Amino acid sequence: MAEMNKIDRSLLEAVADLHKVPEGAYNIRKNGESLGRSSSANIQIESKTDKPGIDIRVAPGTKNESLHIPVILTESGMHDMVYNDFYIGEDSDVLIVAGCGIHNCGDQTSQHDGIHTFHIGRGARVRYVEKHYGDGDGKGGRVLNPQTVVTMEENSHCEMEMIQIRGVDSTLRDTVATVGAGAKLVLTERLMTHGDQVAESNMTVTLDGKDAVTQVISRSIAKDDSRQVFHPCVIGNAPCRAHVQCDSIIMDHAQISSVPEIRANDSEAQLIHEAAIGKINGDQITKLMTFGMTEEEAEKVIVEGFLQ
Amino acid sequence: MLELKNIDFHVPAANGEVNEIIDNLSLRLDTGKFTVITGPNGGGKSTLAKLIMGIEKPTAGRIYLDGQDITDLSIAERAKLGIGYGFQQPPRFKGLTVRRLLSLSHGSELPVDECCTYLTNVGLCSADYLNREVDTSLSGGEVKRIEIATLMARNLRLAIYDEPEAGIDLWSFTMLIKSFRSISQNRHESTIIISHQERIMQLADDIIVLADGKIKEMGPKDEIFPRLINQVNSGCSFRGGKESVKNG
Ligand SMILES: Nc1ncnc2c1ncn2[C@@H]1O[C@H](COP(=O)(O)OP(=O)(O)OP(=O)(O)O)[C@@H](O)[C@H]1O
Ligand SMILES: [Mg+2]
């Protein structure tokens, strides 16, 4: 594997909890090029020939294997665009750790647009974790626009955790999923914005088969002058169940708009949405202060807890 | 020893008058005492507790803890001196587990078995609760008992419990009474419990009756308790005290 410097390592740690070369299959992308790659017996990674990106094939029946595909950007002004396609074989069980870290010391905008497409086979189980992170003291923007497309076959199970806690100036996230009969999709989103950051998240989950289930949990905190827009939409085309829960804490001069939508095209569809925006409850702060914390410490504990 | 000298908590009322929530109140609680404060709803009990904790500031008067003037100290500073207050209506926390909250209260990460002891003390089957979030998924009585446990997890010079019995079932209540007895002997130098419950009053060394922001009665339990029961039975003479003063 190519040399990694201190910045690379700290970015990889922030987005993928990587302290060393990961076990199992991996592909590490830096400034649009591969920094290292390894397939395993059951997980094959190949470069695409028609556009930037990789095809990942997980063999049917693969159990308890992991795949790490972090991306880092350290060159100011870089606009990286990548297409990753995941073919998850029937009855397999895998953990996929993605994520993108941008270190921008320059004045030009650094941007990464990742288009991830998942084909999840019958009975397969996938856990997908994606962390976004930015740092560097340059004036140039750090922009991340992820697109995730998921197709789930019968009785498959997928948990996606998408986390953006700090340093990303602008993000537009698009998630589109189709869930087959007996399959379950759990989408968890955790977002914190500060300064004058902007984040928009659109999700559309279509429940297409009998007993398809989805759970969408979105928790966010908007600080300073930042702005957030959420638009989770669940469509029930069959006897199915959905629960959408959007919870936001608003602080300072931030703005949050939450527009949940549920659409039923079947009389046996049970769709629920809950959305709430509010500031930190004063009693919570007071309670923690009676444990001996200052107001700032109390606020930090509440914010961290809320975003887990 | 806790000493309150001529404490006022006056807030402006809507009609331009002044609302005397606590009015020229003085009291002394000796170290080691178990005191129950009781009295009619709206009498000022929770306000008094908040004044001692520093959540509210008196509009006049001074508060001393073991001779130190704590009137101008913040909530956190008073907490560090060893004052703790269990809320009448505890807030809920999304994302904070019971174990984390107990640890935050204790001041350091608590081992599982110690957490379990505190939860058992308030009648909660610990294993089921440790990793649950203190959010709206817990019932009112459960949140209330966890609140009590956070106080019991601390070594305090003065522990103040605000109506710990509220919303708690009979079985847990018996457990709670036992715990108050042992905790007040071991972990808390002095205890104040705000309560309307006879069985809690029975634990007390002293009882204070607070109504209309004033102390109506104060003294040893054996003296106050029988009188209290009599007065309650013969129609409440504590109520309307302020009205009679105004009208008179
Ligand atoms: N900050 C405040 N501003 C205005 N009024 C207040 C304030 N705090 C308390 N009060 C009023 O003071 C009175 C006493 O309230 P407090 O909560 O201390 O009563 P309590 O004795 O604890 O009653 P309960 O037995 O119902 O708990 C109430 O009428 C309440 O509405
Ligand atoms: Mg009260």
# chains A, B, ... in the order shown; residues from 1 in each chain; ligands from 1
call {"tool": "residues_near_ligand", "arguments": {"ligand": "ligand 2", "cutoff": "9 Å", "atoms": "only C-alpha atoms and all ligand atoms", "output": "MDAnalysis selection string"}}
result
chainID B and resid 41:47 49 87:89 162:163 194:195
call {"tool": "select_by_dssp", "arguments": {"residues": "range 105-172 of chain B", "states": "strand (DSSP E or B)", "output": "PyMOL selection string"}}
result
chain B and resi 133+156-162
call {"tool": "write_last_selection", "arguments": {"atoms": "N, CA, C and O atoms", "output": "compact mmCIF listing (two decimals), in the first residue's frame"}}
result
# COMPACT_ATOMS: atom_id res chain seq x y z
N GLU B 133 -32.70 4.11 27.45
CA GLU B 133 -32.55 5.56 27.43
C GLU B 133 -33.57 6.19 28.36
O GLU B 133 -34.68 5.71 28.49
N LEU B 156 -23.50 12.93 49.66
CA LEU B 156 -23.93 14.31 49.74
C LEU B 156 -23.94 14.81 51.19
O LEU B 156 -24.15 14.05 52.12
N ARG B 157 -23.70 16.11 51.29
CA ARG B 157 -23.87 16.72 52.61
C ARG B 157 -25.35 16.99 52.84
O ARG B 157 -25.83 16.90 53.96
N LEU B 158 -26.03 17.35 51.78
CA LEU B 158 -27.47 17.62 51.91
C LEU B 158 -28.20 17.10 50.67
O LEU B 158 -27.95 17.57 49.56
N ALA B 159 -29.06 16.12 50.88
CA ALA B 159 -29.85 15.58 49.77
C ALA B 159 -31.29 16.06 49.92
O ALA B 159 -31.87 15.95 50.99
N ILE B 160 -31.82 16.62 48.82
CA ILE B 160 -33.21 17.10 48.87
C ILE B 160 -34.04 16.31 47.84
O ILE B 160 -33.74 16.34 46.64
N TYR B 161 -35.02 15.61 48.31
CA TYR B 161 -35.90 14.84 47.42
C TYR B 161 -37.25 15.54 47.37
O TYR B 161 -37.85 15.82 48.40
N ASP B 162 -37.73 15.81 46.15
CA ASP B 162 -39.00 16.52 46.01
C ASP B 162 -40.12 15.54 45.64
O ASP B 162 -40.20 15.07 44.51
call {"tool": "residues_around", "arguments": {"residues": "Lys287 in chain A", "least_positions_apart": "6", "cutoff": "12 Å", "atoms": "only C-alpha atoms", "output": "tab-separated table (two decimals) with N, CA and C atoms, in the first residue's frame"}}
result
chain	number	residue	atom	x	y	z
A	281	ASN	N	-34.14	21.48	26.21
A	281	ASN	CA	-35.01	21.75	27.34
A	281	ASN	C	-34.18	22.30	28.51
A	293	MET	N	-22.03	20.21	36.80
A	293	MET	CA	-21.51	20.64	35.49
A	293	MET	C	-21.82	22.11	35.25
A	294	THR	N	-20.95	22.75	34.44
A	294	THR	CA	-21.28	24.10	34.00
A	294	THR	C	-22.33	23.98	32.89
A	295	GLU	N	-22.89	25.13	32.52
A	295	GLU	CA	-23.91	25.13	31.49
A	295	GLU	C	-23.36	24.55	30.18
A	297	GLU	N	-20.81	22.47	29.77
A	297	GLU	CA	-20.58	21.02	29.89
A	297	GLU	C	-21.90	20.26	29.75
A	298	ALA	N	-22.94	20.81	30.38
A	298	ALA	CA	-24.25	20.16	30.34
A	298	ALA	C	-24.76	20.09	28.90
A	299	GLU	N	-24.60	21.19	28.19
A	299	GLU	CA	-25.05	21.26	26.80
A	299	GLU	C	-24.32	20.22	25.95
A	301	VAL	N	-22.98	17.37	26.93
A	301	VAL	CA	-23.45	16.02	27.27
A	301	VAL	C	-24.78	15.75	26.56
A	302	ILE	N	-25.66	16.73	26.56
A	302	ILE	CA	-26.98	16.55	25.95
A	302	ILE	C	-26.85	16.36	24.44
B	50	LYS	N	-35.46	24.72	45.43
B	50	LYS	CA	-34.70	25.31	44.33
B	50	LYS	C	-33.82	26.47	44.82
B	53	MET	N	-30.80	24.83	46.30
B	53	MET	CA	-29.94	24.26	45.26
B	53	MET	C	-29.31	25.34	44.39
B	54	GLY	N	-29.90	26.54	44.38
B	54	GLY	CA	-29.35	27.61	43.54
B	54	GLY	C	-30.04	27.74	42.19
B	55	ILE	N	-31.09	26.96	41.99
B	55	ILE	CA	-31.83	27.01	40.72
B	55	ILE	C	-32.62	28.32	40.65
B	75	ILE	N	-25.35	26.86	40.73
B	75	ILE	CA	-25.86	25.50	40.97
B	75	ILE	C	-24.69	24.53	41.07
B	76	ALA	N	-23.77	24.62	40.07
B	76	ALA	CA	-22.66	23.67	40.01
B	76	ALA	C	-21.77	23.78	41.24
B	79	ALA	N	-23.43	22.11	44.00
B	79	ALA	CA	-23.36	20.67	43.80
B	79	ALA	C	-22.01	20.15	44.30
B	84	GLY	N	-27.54	18.16	46.73
B	84	GLY	CA	-28.18	17.49	45.60
B	84	GLY	C	-29.69	17.66	45.68
B	85	TYR	N	-30.31	17.73	44.50
B	85	TYR	CA	-31.78	17.94	44.48
B	85	TYR	C	-32.42	17.01	43.46
B	86	GLY	N	-33.32	16.19	43.92
B	86	GLY	CA	-34.09	15.32	43.03
B	86	GLY	C	-35.39	16.01	42.65
B	87	PHE	N	-35.56	16.26	41.37
B	87	PHE	CA	-36.69	17.08	40.89
B	87	PHE	C	-38.05	16.44	41.16
B	88	GLN	N	-39.04	17.32	41.34
B	88	GLN	CA	-40.42	16.82	41.44
B	88	GLN	C	-40.83	16.25	40.09
B	89	GLN	N	-40.48	16.97	39.02
B	89	GLN	CA	-40.74	16.45	37.68
B	89	GLN	C	-39.44	16.36	36.90
B	90	PRO	N	-38.79	15.21	36.98
B	90	PRO	CA	-37.48	15.09	36.34
B	90	PRO	C	-37.59	15.15	34.82
B	91	PRO	N	-36.61	15.82	34.17
B	91	PRO	CA	-36.62	15.86	32.71
B	91	PRO	C	-36.16	14.53	32.14
B	92	ARG	N	-36.49	14.29	30.88
B	92	ARG	CA	-36.04	13.09	30.18
B	92	ARG	C	-34.93	13.47	29.22
B	93	PHE	N	-34.10	12.51	28.89
B	93	PHE	CA	-32.95	12.77	28.02
B	93	PHE	C	-32.92	11.77	26.89
B	101	LEU	N	-26.52	8.25	32.99
B	101	LEU	CA	-27.05	9.29	33.87
B	101	LEU	C	-26.60	9.06	35.31
B	104	LEU	N	-22.96	10.06	35.44
B	104	LEU	CA	-22.79	11.51	35.41
B	104	LEU	C	-23.08	12.10	36.79
B	105	SER	N	-24.12	11.57	37.42
B	105	SER	CA	-24.49	12.05	38.73
B	105	SER	C	-23.40	11.72	39.75
B	147	GLU	N	-34.58	9.11	38.91
B	147	GLU	CA	-34.17	10.39	39.50
B	147	GLU	C	-33.72	10.22	40.95
B	150	THR	N	-30.33	8.60	41.08
B	150	THR	CA	-29.18	9.46	40.78
B	150	THR	C	-28.72	10.20	42.03
B	151	LEU	N	-29.66	10.51	42.92
B	151	LEU	CA	-29.28	11.18	44.17
B	151	LEU	C	-28.64	10.19	45.14
call {"tool": "residues_around", "arguments": {"residues": "Met81 in chain A", "least_positions_apart": "2", "cutoff": "12 Å", "atoms": "only C-alpha atoms", "output": "count of residues only"}}
result
28
call {"tool": "atom_distance", "arguments": {"atom1": "CA of Ala242 in chain A", "atom2": "CA of Met192 in chain A"}}
result
24.9 Å
call {"tool": "atom_distance", "arguments": {"atom1": "CA of Arg37 in chain A", "atom2": "CA of Val15 in chain A"}}
result
17.2 Å
call {"tool": "interface_residues", "arguments": {"of": "chain A", "to": "chain B", "cutoff": "7 Å", "atoms": "only C-alpha atoms", "output": "PDB file with C-alpha atoms, in the first residue's frame"}}
result
ATOM      1  CA  ASP A 283     -34.690  21.520  32.756  1.00  0.00           C
ATOM      2  CA  GLN A 284     -32.216  19.109  31.197  1.00  0.00           C
ATOM      3  CA  MET A 289     -25.842  21.420  36.514  1.00  0.00           C
ATOM      4  CA  THR A 290     -27.074  19.945  39.798  1.00  0.00           C
ATOM      5  CA  PHE A 291     -24.532  17.174  39.144  1.00  0.00           C
ATOM      6  CA  GLY A 292     -21.827  19.861  39.200  1.00  0.00           C
ATOM      7  CA  MET A 293     -21.515  20.644  35.494  1.00  0.00           C
ATOM      8  CA  THR A 294     -21.277  24.098  33.998  1.00  0.00           C
ATOM      9  CA  GLY A 305     -26.197  11.887  23.932  1.00  0.00           C
ATOM     10  CA  PHE A 306     -28.722  13.017  21.374  1.00  0.00           C
ATOM     11  CA  GLN A 308     -25.071   9.086  20.453  1.00  0.00           C
TER      12      GLN A 308
END
call {"tool": "atom_distance", "arguments": {"atom1": "CA of Met218 in chain B", "atom2": "atom 3 (N, counted along the ligand's line) of ligand 1"}}
result
25.5 Å
call {"tool": "residues_around", "arguments": {"residues": "Pro22 in chain A", "least_positions_apart": "4", "cutoff": "8 Å", "atoms": "only C-alpha atoms", "output": "ChimeraX atom specification"}}
result
/A:18,26,68
call {"tool": "closest_residue", "arguments": {"among": "B:Ser26, B:Thr120, B:Asn233, B:Ser172", "to": "Leu48 in chain B", "atoms": "only C-alpha atoms"}}
result
B:Ser26
call {"tool": "residues_around", "arguments": {"residues": "Leu95 in chain A", "least_positions_apart": "6", "cutoff": "9 Å", "atoms": "only C-alpha atoms", "output": "PyMOL selection string"}}
result
chain A and resi 64-68+125-129
call {"tool": "write_last_selection", "arguments": {"atoms": "C-alpha atoms", "output": "PDB file, in the first residue's frame"}}
result
ATOM      1  CA  ASN A  64     -19.315 -12.184   9.025  1.00  0.00           C
ATOM      2  CA  GLU A  65     -16.989 -10.424   6.642  1.00  0.00           C
ATOM      3  CA  SER A  66     -16.261  -6.748   6.428  1.00  0.00           C
ATOM      4  CA  LEU A  67     -15.488  -4.316   3.664  1.00  0.00           C
ATOM      5  CA  HIS A  68     -13.878  -0.904   4.150  1.00  0.00           C
ATOM      6  CA  ARG A 125     -27.952  -8.954   5.740  1.00  0.00           C
ATOM      7  CA  VAL A 126     -26.007  -5.745   5.334  1.00  0.00           C
ATOM      8  CA  ARG A 127     -24.850  -3.223   7.850  1.00  0.00           C
ATOM      9  CA  TYR A 128     -23.578  -0.062   6.229  1.00  0.00           C
ATOM     10  CA  VAL A 129     -21.879   2.755   8.135  1.00  0.00           C
TER      11      VAL A 129
END
call {"tool": "closest_atom_pairs", "arguments": {"of": "range 81-190 of chain A", "to": "range 246-261 of chain A", "cutoff": "12 Å", "atoms": "only C-alpha atoms", "output": "CSV"}}
result
residue,atom,partner,partner_atom,distance
A:Leu187,CA,A:Cys246,CA,11.4
A:Thr188,CA,A:Cys246,CA,10.0
A:Glu189,CA,A:Cys246,CA,9.2
A:Arg190,CA,A:Ser248,CA,9.8
call {"tool": "write_last_selection", "arguments": {"atoms": "N, CA and C atoms", "output": "PDB file, in the first residue's frame"}}
result
ATOM      1  N   LEU A 187     -32.948   2.987   8.316  1.00  0.00           N
ATOM      2  CA  LEU A 187     -32.094   4.123   7.933  1.00  0.00           C
ATOM      3  C   LEU A 187     -31.924   5.029   9.131  1.00  0.00           C
ATOM      4  N   THR A 188     -30.681   5.213   9.548  1.00  0.00           N
ATOM      5  CA  THR A 188     -30.428   6.114  10.662  1.00  0.00           C
ATOM      6  C   THR A 188     -29.537   7.238  10.176  1.00  0.00           C
ATOM      7  N   GLU A 189     -29.940   8.437  10.474  1.00  0.00           N
ATOM      8  CA  GLU A 189     -29.174   9.589  10.021  1.00  0.00           C
ATOM      9  C   GLU A 189     -28.876  10.462  11.225  1.00  0.00           C
ATOM     10  N   ARG A 190     -27.619  10.849  11.359  1.00  0.00           N
ATOM     11  CA  ARG A 190     -27.267  11.758  12.445  1.00  0.00           C
ATOM     12  C   ARG A 190     -26.436  12.896  11.888  1.00  0.00           C
TER      13      ARG A 190
END
